[in-house]
Amino acid sequence: MTEKLKGPAQRFRADPSDRITFEALEERLFLDADWDELIALYEVRLTADDLRSDAAAARKLRFRMGQILEERCVDLDAAAAVYEEIARLDPSFRPALAQLRRIHSTKGAWELALQVAEVEERTEMAPFERAAFCVEMGDLWKEKLEEPEKARALYQSALEADPGSAGAKLGLSDVHEALGDYTEAAALRRDASESLQGTQRADALTSLALLYLGPLDDSNRAEELLRRALSEDTRCDAALEALCTLAVARENWELAGDLFERRYFLASTTERRAAIAGEAGELQLSRLRNPQGARLWFERMQELLPGEPEVYLRLASIESLAGHEERERGYLERAASLAGDALPSNARARLAALLGDDPMAAVPQLQEAVRQSPGDRTLRAALADALEGSEQYHELVAVLDELRKQLPEGDPSELPLVLRIAEVQTRRLENATAALPYYERAFELDPTTAHAAKFLEAAYREDHAWEKLRVHLASVAECGPESMRVDARASLGEVLFERFDAPADARSAFEAALDMEPSHARALQGLERVAAATGDEDSILEAFGREASVTTDRARLAFLVWELVRIHEANDR
C-alpha cells in the first residue's frame with residue numbers, strides 16, 4: 001500500500017461502515033494489483049454493522065473476495081473456504097456453489113465436486129443454466145470418472161432443459177463414440193456444429209471429421225469437413241493436423257509440406273512449434289529420404305530448443321543417412337552431454353560404434369547403454385569388444401560371463417563365449433586356475449574342442465589331479481577330437497599304469513591305441529613296460545614282436561631282434 005493510501009485506510013479501519021472510503025480504497029488497490037491489501041480491506045468491511053444486517057450485500061462482497069483469491073491470488077484453498085462460508089450462510093446462492101465445484105474439479109477432488117453439485121442441483125436455474133450445469137457434470141462423469149452411462153443421463157437432461165444445447169450434443173456424441181455407435185455420434189456432432197460459430201464450430205467439424213477418418217472410413221468426407229472447419233477458423237490446429245495426416249497418408253507431399261508450414265507458424269508455443277518441426281523433419285527423413293529437407297526442419301528445432309538432446313539425435317540421424325560419420329558423431333556427443341543418463345541406449349551404442357578407433361572412449365558409453373538395457377545382448381557384446389580393445393581384461397571377463405548367464409539352456413553360442421573367457425584368462429591375465437572351469441565347461445559342451453582338451457590334460461597333470469586326468473583322457477579317447485583319440489588312449493594307459501597301478505587296464509588302453517594305429521610308439525612301449533613289470537615272458541615276446549613288425553628304426557629293430565633271440569635262447573626255444 002502506498003503512503004497516500006495509508007491515511008484513508010486508517011480512517012476506514014476505524015469506521016468499516018464508511019462506504020465512500022471503502023469504494024475509493026477498493027478501486028485504488030485493484031488498479032495497483034495489491035491483492036493482499038485488497039483482501040484485508042474486504043475482511044475489515046465485512047465487520048461493518050451495516051453489512052451484518054444486509055445479508056445480500058455481505059454475500060456479494062464475500063463472493064467478490066473469493067473471486068480475487070481464486071483468480072488474482074491463485075489461492076484455491078482460501079477461495080474455497082470463502083465459497084464454503086457463503087454456501088453455509090445461503091445454500092441457494094448458486095454462483096458460489098459453481099465456483100466451489102470447479103475448484104474441487106481443478107484439484108481432482110471428484111467426490112467433493114459431486115457433493116457440491118448435489119446442493120447446486122437443488123438451486124433455482126434458468127433452463128439454459130440447468131443445461132450448462134448438466135453438461136459440466138456430464139463432462140466430469142465422462143472424462144474424469146469414466147462412467148459413460150451416468151454422463152449420458154446428464155447430457156439427456158441437458159437436452160430436455162435446452163433442446164438446442166450444443167455442449168450436450170457433443171458430450172452425448174462422445175459417449176456414443178466410446179460405446180461404438182459411430183453413426184449416432186456423427187449425427188449428434190453434425191447437429192451440434194449447425195448451432196455453433198467460429199472456433200467452436202471449427203472444433204465440432206474437426207471432431208466429426210476424425211470420425212470419418214477413423215471408424216466411419218470416408219476420407220473424402222473427412223477432407224470436406226476439415227476444409228469447412230478451416231473456413232470457420234483458419235488457425236484451427238486440430239483441423240490442420242488432421243488434414244496434414246490425411247495428405248501424408250495419400251502421399252500428397254506438396255500439400256503436406258504447405259500444411260506443416262502453416263501449422264509451424266500458427267503454433268502458439270515454442271514446444272508446439274518444435275514438435276511440428278520434428279514431425280515434418282521425420283517425414284522428410286523416413287518417408288521421402290530427403291536429408292536436406294529434414295535438416296532444415298531439425299535446424300528449426302535446434303533454434304527453438306538448443307538444449308534439448310532429442311534435437312541432436314535427429315540431426316545425427318540425418319548425418320547417418322548421408323554417410324557423414326564425423327558429423328553424426330559430433331551430434332551424438334552433444335546429445336550425450338545434454339542428456340546424461342537419459343540418453344537412449346541405442347544412441348549410446350551408435351556413438352560407441354563411431355568411437356571404434358578409440359575403444360577407451362567407447363567403453364563408458366556402452367556401459368551406460370548396458371545399464372539402461374541390461375537384457376540387450378548386442379550391447380553387451382559391443383561392450384566386450386570395446387573392453388578388449390582397451391585392454392580392460394578383468395572387466396571383459398565379467399561382461400562375457402554376464403553374456404553367458406543370459407543365454408537359454410542349450411544355446412550354441414555358449415561355447416565360443418566360454419572359450420573366449422578361458423583364453424582371456426590364460427593369455428591376457430595369465431591365470432590358468434581361473435581359466436580351468438571355463439575350459440571344463442567348453443569340453444562338456446563339445447568334447448571335440450581340441451584346445452580345451454589339450455589345456456585340461458596339461459592342467460590336470462600340473463596339478464597332479466590324477467583322477468580327473470584319468471576321466472578326462474577316457475572321455476577324449478571315446479569322443480574327443482579324432483586326431484587326439486589315439487594319443488589319449490596311450491596317455492590313459494600310462495596314467496593307469498604309473499598312477500593307479502592297474503596294469504591290466506593299462507594294457508587294454510595301449511591295445512586300444514594300437515588297434516587304431518599299430519605303429520604308435522608310446523602304446524607299443526607301454527605294452528612292453530606292462531609286460532616287463534609283470535615278468536610274463538610270453539607277454540614280453542608278444543610286445544617286442546609287435547613293435548619289431550612295425551618299426552622303421554633300424555637300430556631299434558636290431559635291439560628288438562637281439563632281445564627276442566636272447567629270450568628264446570634263454571628258454572631253449
# chains A, B, ... in the order shown; residues from 1 in each chain; ligands from 1
call {"tool": "residues_around", "arguments": {"residues": "range 445-447 of chain A", "least_positions_apart": "6", "cutoff": "12 Å", "atoms": "only C-alpha atoms", "output": "PyMOL selection string"}}
result
chain A and resi 409-419+438-439+453-454+456+472-482+484-485
call {"tool": "write_last_selection", "arguments": {"atoms": "C-alpha atoms", "output": "PDB file, in the first residue's frame"}}
result
ATOM      1  CA  GLU A 409      19.867 -73.632 -21.816  1.00  0.00           C
ATOM      2  CA  GLY A 410      21.457 -75.347 -24.800  1.00  0.00           C
ATOM      3  CA  ASP A 411      22.257 -72.179 -26.732  1.00  0.00           C
ATOM      4  CA  PRO A 412      25.107 -72.989 -29.158  1.00  0.00           C
ATOM      5  CA  SER A 413      26.686 -69.560 -28.658  1.00  0.00           C
ATOM      6  CA  GLU A 414      27.762 -70.528 -25.131  1.00  0.00           C
ATOM      7  CA  LEU A 415      30.770 -72.494 -26.421  1.00  0.00           C
ATOM      8  CA  PRO A 416      32.576 -69.592 -28.143  1.00  0.00           C
ATOM      9  CA  LEU A 417      31.855 -67.420 -25.110  1.00  0.00           C
ATOM     10  CA  VAL A 418      33.402 -69.784 -22.568  1.00  0.00           C
ATOM     11  CA  LEU A 419      36.395 -70.351 -24.844  1.00  0.00           C
ATOM     12  CA  TYR A 438      35.701 -72.420 -18.425  1.00  0.00           C
ATOM     13  CA  TYR A 439      37.755 -74.977 -20.349  1.00  0.00           C
ATOM     14  CA  ALA A 453      41.032 -80.971 -24.372  1.00  0.00           C
ATOM     15  CA  LYS A 454      44.767 -80.168 -24.519  1.00  0.00           C
ATOM     16  CA  LEU A 456      42.691 -79.738 -19.436  1.00  0.00           C
ATOM     17  CA  HIS A 472      39.339 -86.736 -18.971  1.00  0.00           C
ATOM     18  CA  LEU A 473      41.618 -88.996 -21.040  1.00  0.00           C
ATOM     19  CA  ALA A 474      38.922 -91.661 -21.151  1.00  0.00           C
ATOM     20  CA  SER A 475      36.471 -89.049 -22.477  1.00  0.00           C
ATOM     21  CA  VAL A 476      38.905 -87.807 -25.111  1.00  0.00           C
ATOM     22  CA  ALA A 477      39.622 -91.397 -26.147  1.00  0.00           C
ATOM     23  CA  GLU A 478      35.916 -92.034 -26.648  1.00  0.00           C
ATOM     24  CA  CYS A 479      34.521 -88.786 -28.048  1.00  0.00           C
ATOM     25  CA  GLY A 480      37.304 -86.221 -28.258  1.00  0.00           C
ATOM     26  CA  PRO A 481      38.866 -84.816 -31.427  1.00  0.00           C
ATOM     27  CA  GLU A 482      39.653 -87.600 -33.895  1.00  0.00           C
ATOM     28  CA  MET A 484      43.713 -86.881 -30.302  1.00  0.00           C
ATOM     29  CA  ARG A 485      41.974 -90.183 -29.657  1.00  0.00           C
TER      30      ARG A 485
END
call {"tool": "select_by_dssp", "arguments": {"residues": "range 243-299 of chain A", "states": "helix (DSSP H, G or I)", "output": "ChimeraX atom specification"}}
result
/A:243-249,253-266,270-287,291-299
call {"tool": "atom_distance", "arguments": {"atom1": "CA of Ala79 in chain A", "atom2": "CA of Asp49 in chain A"}}
result
23.9 Å
call {"tool": "atom_distance", "arguments": {"atom1": "CA of Leu396 in chain A", "atom2": "CA of Glu326 in chain A"}}
result
27.7 Å
call {"tool": "residues_around", "arguments": {"residues": "Thr534 in chain A", "least_positions_apart": "5", "cutoff": "12 Å", "atoms": "only C-alpha atoms", "output": "JSON list (two decimals) with C-alpha atoms, in the first residue's frame"}}
result
[["chain", "number", "residue", "atom", "x", "y", "z"],
["A", 497, "PHE", "CA", 49.99, -97.98, -15.18],
["A", 501, "ASP", "CA", 48.86, -99.46, -10.54],
["A", 502, "ALA", "CA", 46.36, -101.03, -12.89],
["A", 503, "PRO", "CA", 48.46, -102.97, -15.45],
["A", 504, "ALA", "CA", 45.52, -104.89, -16.88],
["A", 507, "ARG", "CA", 47.29, -102.95, -21.23],
["A", 527, "LEU", "CA", 52.78, -102.60, -23.63],
["A", 528, "GLU", "CA", 56.43, -103.56, -23.22],
["A", 529, "ARG", "CA", 56.62, -101.80, -19.84],
["A", 539, "SER", "CA", 53.74, -111.02, -22.97],
["A", 540, "ILE", "CA", 57.19, -109.55, -23.41]]
call {"tool": "closest_residue", "arguments": {"among": "A:Ala87, A:Arg404, A:Pro359, A:Gln525", "to": "Leu387 in chain A", "atoms": "only C-alpha atoms"}}
result
A:Pro359
call {"tool": "residues_around", "arguments": {"residues": "Thr199 in chain A", "least_positions_apart": "2", "cutoff": "6 Å", "atoms": "only C-alpha atoms", "output": "PyMOL selection string"}}
result
chain A and resi 201-202+233
call {"tool": "write_last_selection", "arguments": {"atoms": "N, CA and C atoms", "output": "PDB file, in the first residue's frame"}}
result
ATOM      1  N   ARG A 201     -17.433 -23.951 -33.827  1.00  0.00           N
ATOM      2  CA  ARG A 201     -17.924 -24.752 -34.952  1.00  0.00           C
ATOM      3  C   ARG A 201     -16.761 -25.488 -35.616  1.00  0.00           C
ATOM      4  N   ALA A 202     -15.631 -24.817 -35.742  1.00  0.00           N
ATOM      5  CA  ALA A 202     -14.454 -25.466 -36.335  1.00  0.00           C
ATOM      6  C   ALA A 202     -14.059 -26.699 -35.530  1.00  0.00           C
ATOM      7  N   ASP A 233     -12.321 -21.258 -38.992  1.00  0.00           N
ATOM      8  CA  ASP A 233     -11.191 -20.814 -38.163  1.00  0.00           C
ATOM      9  C   ASP A 233      -9.904 -21.262 -38.839  1.00  0.00           C
TER      10      ASP A 233
END
call {"tool": "closest_residue", "arguments": {"among": "A:Val175, A:Leu76, A:Val82, A:Ala9", "to": "Ser105 in chain A", "atoms": "only C-alpha atoms"}}
result
A:Leu76
call {"tool": "closest_residue", "arguments": {"among": "A:Asp174, A:Asp203, A:Asp90, A:Glu121", "to": "Arg152 in chain A", "atoms": "only C-alpha atoms"}}
result
A:Asp174
call {"tool": "residues_around", "arguments": {"residues": "Arg371 in chain A", "least_positions_apart": "2", "cutoff": "12 Å", "atoms": "only C-alpha atoms", "output": "list in words"}}
result
Asp341, Ala342, Leu343, Pro344, Ser345, Asn346, Arg348, Ala349, Pro364, Gln365, Leu366, Gln367, Glu368, Ala369, Ser373, Pro374, Gly375, Asp376, Arg377, Leu379, Arg380, Leu383 and Val399 of chain A
call {"tool": "closest_residue", "arguments": {"among": "A:Leu112, A:Leu25, A:Ala247, A:Cys134", "to": "Ala40 in chain A", "atoms": "only C-alpha atoms"}}
result
A:Leu25
call {"tool": "residues_around", "arguments": {"residues": "Arg88 in chain A", "least_positions_apart": "5", "cutoff": "12 Å", "atoms": "only C-alpha atoms", "output": "number ranges by chain"}}
result
A: 59, 81-83, 93-94, 96-97, 116, 119
call {"tool": "closest_residue", "arguments": {"among": "A:Lys150, A:Lys405, A:Arg190, A:Lys144", "to": "Glu111 in chain A", "atoms": "only C-alpha atoms"}}
result
A:Lys144
